[in-house]
Amino acid sequence: MVVPTVYGSDGRHLYFHGSVASRSLVASPGAAVCVTVTHVDGLVLARSVFEHGVNYRSAMVYGVPRLVTDPEEKLAGLRRLTEQATPGQWDYARQPNRKELAATALLALSLEEASVKIRTGAPDDGDGPDAALGIWAGVLPLKPTWGAPEADPLLPAGIAPPPHITARGGA
């Protein structure tokens with residue numbers, strides 16, 4: 001099962017969260033998981049489609065996550081994932097109340113068992129027979145950028161995005 005989620009790390013654990021009603025998070029205590037994060041950096045376009053590929057950075061963390069029950073660790077973990085996604089947001093927005101914390105499952109996965117893979121560079125067919133084909137080959141870089149903030153349609157007029165948001169976006 002693959003479920004996109006926000007995550008944060010304290011250097012020892014990877015924290016991720018979801019609803020306490022989520023089967024994928026809490027229904028199988030003791031089950032091993034693999035959390036994967038991949039950043040695609042570009043398409044590698046070779047002279048032969050067989051040699052096409054992707055430049056990327058990828059991390060996979062394996063293990064049995066621990067349900068965080070300590071209230072202080074739970075708040076600290078939620079802060080980490082919020083701040084990793086959007087620095088400055090934890091102090092700007094309202095923090096979770098008791099009811100929201102009770103409805104949220106936070107899992108901590110040790111970073112002891114992890115694998116990191118990186119693929120960079122040009123196609124691998126420039127020194128073979130396909131080099132004589134006269135076909136362009138190279139990398140088409142992918143450079144994600146944040147766009148301008150888009151206000152909630154129900155937001156009252158006159159409430160501007162805070163500086164920590166506009167600094168990231170194209171506003």
# chains A, B, ... in the order shown; residues from 1 in each chain; ligands from 1

$ select_by_dssp --residues "chain A" --states "helix (DSSP H, G or I)" --output "ChimeraX atom specification"
/A:23-26,49-51,71-85,89-92,98-102,129-133,163-166

$ residues_around --residues "region 50-64 of chain A" --least-positions-apart "4" --cutoff "6 Å" --atoms "only C-alpha atoms" --output "list of chain:residue names"
A:Gly30, A:Ala31, A:Ala32, A:Val33, A:Cys34, A:Val35, A:Thr36, A:Val37, A:Thr38, A:His39, A:Val40, A:Asp41, A:Gly42, A:Leu43, A:Val44, A:Leu45, A:Ala46, A:Glu113, A:Ala114, A:Ser115, A:Val116, A:Lys117, A:Ile118, A:Arg119, A:Thr120

$ residues_around --residues "Gly128 (chain A)" --least-positions-apart "2" --cutoff "12 Å" --atoms "only C-alpha atoms" --output "list of chain:residue names"
A:Ala46, A:Arg47, A:Ser48, A:Glu51, A:Pro123, A:Asp124, A:Asp125, A:Gly126, A:Asp130, A:Ala131, A:Ala132, A:Leu133

$ atom_distance --atom1 "CA of Ile165 (chain A)" --atom2 "CA of Trp146 (chain A)"
9.8 Å

$ closest_atom_pairs --of "region 4-54 of chain A" --to "region 76-84 of chain A" --cutoff "8 Å" --atoms "only C-alpha atoms" --output "CSV"
residue,atom,partner,partner_atom,distance
A:Val6,CA,A:Leu81,CA,6.4
A:Tyr7,CA,A:Leu81,CA,4.9
A:Gly8,CA,A:Leu81,CA,3.8
A:Ser9,CA,A:Arg80,CA,6.5
A:Asp10,CA,A:Arg80,CA,7.2
A:Tyr15,CA,A:Gly77,CA,6.1
A:Phe16,CA,A:Leu81,CA,7.3
A:His17,CA,A:Leu78,CA,7.9

$ write_last_selection --atoms "N, CA and C atoms" --output "CSV table (one decimal), in the first residue's frame"
chain,number,residue,atom,x,y,z
A,6,VAL,N,3.0,13.7,4.7
A,6,VAL,CA,4.0,14.6,5.2
A,6,VAL,C,4.9,13.8,6.2
A,7,TYR,N,6.2,14.1,6.2
A,7,TYR,CA,7.1,13.5,7.1
A,7,TYR,C,8.1,14.5,7.7
A,8,GLY,N,8.7,14.1,8.8
A,8,GLY,CA,9.7,14.9,9.4
A,8,GLY,C,10.7,14.0,10.1
A,9,SER,N,11.9,14.5,10.3
A,9,SER,CA,13.0,13.7,10.9
A,9,SER,C,13.7,14.5,12.0
A,10,ASP,N,14.1,13.8,13.0
A,10,ASP,CA,14.9,14.4,14.0
A,10,ASP,C,16.4,13.9,13.9
A,15,TYR,N,9.3,10.7,11.3
A,15,TYR,CA,7.9,10.8,11.9
A,15,TYR,C,6.9,11.0,10.7
A,16,PHE,N,5.8,10.2,10.8
A,16,PHE,CA,4.7,10.4,9.8
A,16,PHE,C,3.4,10.2,10.5
A,17,HIS,N,2.3,10.8,10.0
A,17,HIS,CA,1.1,10.8,10.7
A,17,HIS,C,-0.1,10.5,9.8

$ closest_residue --among "A:Thr86, A:Arg168, A:Ala102, A:Val3" --to "Ala21 (chain A)" --atoms "only C-alpha atoms"
A:Ala102

$ atom_distance --atom1 "CA of Gly169 (chain A)" --atom2 "CA of Thr104 (chain A)"
28.7 Å

$ select_by_dssp --residues "chain A" --states "strand (DSSP E or B)" --output "compact mmCIF listing (two decimals) with N, CA, C and O atoms, in the first residue's frame"
# COMPACT_ATOMS: atom_id res chain seq x y z
N TYR A 7 6.17 14.15 6.22
CA TYR A 7 7.07 13.48 7.14
C TYR A 7 8.06 14.49 7.69
O TYR A 7 8.24 15.58 7.15
N GLY A 8 8.70 14.13 8.77
CA GLY A 8 9.75 14.95 9.36
C GLY A 8 10.73 14.04 10.07
O GLY A 8 10.39 12.91 10.44
N SER A 9 11.93 14.53 10.28
CA SER A 9 12.96 13.72 10.90
C SER A 9 13.70 14.52 11.95
O SER A 9 13.93 15.72 11.79
N HIS A 13 14.86 9.43 13.95
CA HIS A 13 13.56 8.83 13.59
C HIS A 13 12.93 9.61 12.46
O HIS A 13 13.15 10.82 12.33
N LEU A 14 12.14 8.91 11.69
CA LEU A 14 11.29 9.52 10.68
C LEU A 14 9.88 9.51 11.28
O LEU A 14 9.40 8.46 11.70
N TYR A 15 9.26 10.69 11.35
CA TYR A 15 7.90 10.79 11.87
C TYR A 15 6.93 10.96 10.72
O TYR A 15 7.20 11.71 9.78
N PHE A 16 5.82 10.25 10.77
CA PHE A 16 4.74 10.43 9.81
C PHE A 16 3.43 10.22 10.54
O PHE A 16 3.38 9.61 11.60
N HIS A 17 2.33 10.77 9.98
CA HIS A 17 1.08 10.79 10.72
C HIS A 17 -0.12 10.55 9.84
O HIS A 17 -0.02 10.54 8.61
N GLY A 18 -1.24 10.37 10.51
CA GLY A 18 -2.51 10.20 9.83
C GLY A 18 -3.61 10.03 10.86
O GLY A 18 -3.39 10.17 12.06
N SER A 19 -4.77 9.72 10.38
CA SER A 19 -5.92 9.53 11.26
C SER A 19 -5.78 8.25 12.07
O SER A 19 -5.27 7.24 11.56
N VAL A 33 7.28 -1.81 7.67
CA VAL A 33 6.92 -0.88 6.61
C VAL A 33 8.18 -0.44 5.88
O VAL A 33 9.30 -0.61 6.36
N CYS A 34 7.96 0.14 4.73
CA CYS A 34 9.03 0.79 3.98
C CYS A 34 8.51 2.16 3.58
O CYS A 34 7.52 2.27 2.86
N VAL A 35 9.15 3.20 4.07
CA VAL A 35 8.79 4.58 3.71
C VAL A 35 9.81 5.03 2.67
O VAL A 35 11.02 4.93 2.90
N THR A 36 9.29 5.49 1.53
CA THR A 36 10.16 5.89 0.43
C THR A 36 9.90 7.33 0.04
O THR A 36 8.76 7.75 -0.07
N VAL A 37 10.99 8.06 -0.16
CA VAL A 37 10.92 9.44 -0.64
C VAL A 37 11.82 9.53 -1.87
O VAL A 37 12.97 9.10 -1.82
N THR A 38 11.27 10.04 -2.96
CA THR A 38 12.04 10.16 -4.19
C THR A 38 11.88 11.56 -4.77
O THR A 38 10.77 12.08 -4.84
N HIS A 39 13.00 12.17 -5.15
CA HIS A 39 13.00 13.44 -5.87
C HIS A 39 13.52 13.15 -7.27
O HIS A 39 14.64 12.67 -7.43
N VAL A 40 12.69 13.42 -8.26
CA VAL A 40 13.13 13.26 -9.66
C VAL A 40 13.82 14.55 -10.07
O VAL A 40 13.27 15.64 -9.94
N ASP A 41 15.06 14.42 -10.55
CA ASP A 41 15.85 15.58 -10.96
C ASP A 41 15.87 15.79 -12.46
O ASP A 41 16.24 16.87 -12.92
N GLY A 42 15.51 14.78 -13.23
CA GLY A 42 15.50 14.96 -14.67
C GLY A 42 15.31 13.66 -15.42
O GLY A 42 15.49 12.57 -14.86
N LEU A 43 14.92 13.79 -16.68
CA LEU A 43 14.81 12.63 -17.57
C LEU A 43 16.12 12.46 -18.32
O LEU A 43 16.65 13.43 -18.86
N VAL A 44 16.61 11.26 -18.36
CA VAL A 44 17.83 10.95 -19.10
C VAL A 44 17.39 10.38 -20.45
O VAL A 44 16.81 9.29 -20.52
N LEU A 45 17.62 11.15 -21.50
CA LEU A 45 17.16 10.78 -22.84
C LEU A 45 18.36 10.36 -23.67
O LEU A 45 19.21 11.17 -24.02
N GLY A 53 16.43 6.88 -18.95
CA GLY A 53 16.37 6.69 -17.51
C GLY A 53 15.94 7.97 -16.81
O GLY A 53 15.43 8.91 -17.43
N VAL A 54 16.19 8.01 -15.53
CA VAL A 54 15.80 9.13 -14.69
C VAL A 54 16.96 9.45 -13.75
O VAL A 54 17.55 8.54 -13.16
N ASN A 55 17.27 10.74 -13.62
CA ASN A 55 18.17 11.17 -12.55
C ASN A 55 17.32 11.42 -11.32
O ASN A 55 16.26 12.07 -11.42
N TYR A 56 17.74 10.92 -10.18
CA TYR A 56 16.91 11.00 -8.98
C TYR A 56 17.75 10.91 -7.72
O TYR A 56 18.92 10.53 -7.75
N ARG A 57 17.10 11.25 -6.62
CA ARG A 57 17.62 11.03 -5.27
C ARG A 57 16.52 10.30 -4.52
O ARG A 57 15.38 10.74 -4.53
N SER A 58 16.85 9.17 -3.88
CA SER A 58 15.83 8.36 -3.26
C SER A 58 16.33 7.81 -1.92
O SER A 58 17.49 7.43 -1.79
N ALA A 59 15.42 7.79 -0.95
CA ALA A 59 15.73 7.19 0.35
C ALA A 59 14.60 6.23 0.70
O ALA A 59 13.42 6.53 0.48
N MET A 60 14.98 5.08 1.22
CA MET A 60 14.01 4.09 1.69
C MET A 60 14.37 3.75 3.13
O MET A 60 15.53 3.42 3.41
N VAL A 61 13.39 3.84 4.01
CA VAL A 61 13.60 3.54 5.42
C VAL A 61 12.72 2.33 5.75
O VAL A 61 11.52 2.34 5.48
N TYR A 62 13.34 1.30 6.33
CA TYR A 62 12.64 0.05 6.63
C TYR A 62 12.54 -0.13 8.14
O TYR A 62 13.44 0.26 8.88
N GLY A 63 11.49 -0.80 8.57
CA GLY A 63 11.40 -1.17 9.98
C GLY A 63 9.97 -1.26 10.45
O GLY A 63 9.02 -1.17 9.68
N ARG A 66 6.91 2.75 15.55
CA ARG A 66 6.39 2.79 16.91
C ARG A 66 5.33 3.88 16.99
O ARG A 66 5.53 5.00 16.52
N LEU A 67 4.16 3.54 17.53
CA LEU A 67 3.12 4.53 17.75
C LEU A 67 3.57 5.45 18.88
O LEU A 67 3.91 4.99 19.97
N THR A 104 -5.27 11.90 15.92
CA THR A 104 -4.07 11.79 15.08
C THR A 104 -3.15 10.69 15.58
O THR A 104 -2.80 10.65 16.77
N ALA A 105 -2.77 9.81 14.67
CA ALA A 105 -1.76 8.80 14.98
C ALA A 105 -0.42 9.32 14.46
O ALA A 105 -0.32 9.73 13.30
N LEU A 106 0.59 9.32 15.31
CA LEU A 106 1.94 9.70 14.91
C LEU A 106 2.82 8.48 15.09
O LEU A 106 2.82 7.85 16.15
N LEU A 107 3.54 8.12 14.04
CA LEU A 107 4.43 6.97 14.09
C LEU A 107 5.86 7.44 13.98
O LEU A 107 6.17 8.40 13.26
N ALA A 108 6.75 6.76 14.69
CA ALA A 108 8.18 7.03 14.64
C ALA A 108 8.85 5.78 14.10
O ALA A 108 8.66 4.68 14.62
N LEU A 109 9.62 5.97 13.05
CA LEU A 109 10.34 4.86 12.42
C LEU A 109 11.83 5.14 12.54
O LEU A 109 12.31 6.20 12.10
N SER A 110 12.56 4.22 13.13
CA SER A 110 13.99 4.38 13.31
C SER A 110 14.68 4.51 11.96
O SER A 110 14.31 3.84 10.99
N ALA A 114 18.19 1.98 6.53
CA ALA A 114 17.80 2.84 5.41
C ALA A 114 18.74 2.62 4.24
O ALA A 114 19.86 2.15 4.40
N SER A 115 18.23 2.94 3.07
CA SER A 115 19.02 2.85 1.85
C SER A 115 18.83 4.13 1.06
O SER A 115 17.71 4.60 0.90
N VAL A 116 19.93 4.69 0.60
CA VAL A 116 19.88 5.91 -0.20
C VAL A 116 20.49 5.61 -1.55
O VAL A 116 21.57 5.00 -1.64
N LYS A 117 19.78 6.01 -2.60
CA LYS A 117 20.29 5.80 -3.96
C LYS A 117 20.21 7.12 -4.73
O LYS A 117 19.26 7.88 -4.55
N ILE A 118 21.19 7.35 -5.56
CA ILE A 118 21.24 8.56 -6.38
C ILE A 118 21.66 8.16 -7.78
O ILE A 118 22.58 7.35 -7.95
N ARG A 119 21.01 8.73 -8.78
CA ARG A 119 21.43 8.56 -10.17
C ARG A 119 21.58 9.95 -10.75
O ARG A 119 20.67 10.77 -10.70
N GLY A 138 20.77 13.54 -23.96
CA GLY A 138 21.14 14.39 -22.83
C GLY A 138 20.14 14.26 -21.71
O GLY A 138 19.41 13.28 -21.62
N VAL A 139 20.12 15.28 -20.88
CA VAL A 139 19.23 15.29 -19.71
C VAL A 139 18.25 16.45 -19.84
O VAL A 139 18.64 17.56 -20.19
N LEU A 140 16.99 16.16 -19.58
CA LEU A 140 15.97 17.19 -19.49
C LEU A 140 15.71 17.41 -18.00
O LEU A 140 15.01 16.64 -17.36
N PRO A 141 16.34 18.47 -17.42
CA PRO A 141 16.22 18.68 -15.97
C PRO A 141 14.80 19.01 -15.55
O PRO A 141 14.06 19.68 -16.28

$ atom_distance --atom1 "CA of Gly88 (chain A)" --atom2 "CA of His164 (chain A)"
5.9 Å

$ residues_around --residues "Ala151 (chain A)" --least-positions-apart "4" --cutoff "9 Å" --atoms "only C-alpha atoms" --output "ChimeraX atom specification"
/A:155,159-161

$ write_last_selection --atoms "C-alpha atoms" --output "mmCIF file, in the first residue's frame"
data_model
loop_
_atom_site.group_PDB
_atom_site.id
_atom_site.type_symbol
_atom_site.label_atom_id
_atom_site.label_comp_id
_atom_site.auth_asym_id
_atom_site.auth_seq_id
_atom_site.Cartn_x
_atom_site.Cartn_y
_atom_site.Cartn_z
ATOM 1 C CA LEU A 155 -10.661 33.623 3.393
ATOM 2 C CA ILE A 159 -5.553 38.607 4.999
ATOM 3 C CA ALA A 160 -2.222 38.330 3.202
ATOM 4 C CA PRO A 161 0.020 35.287 3.252
#
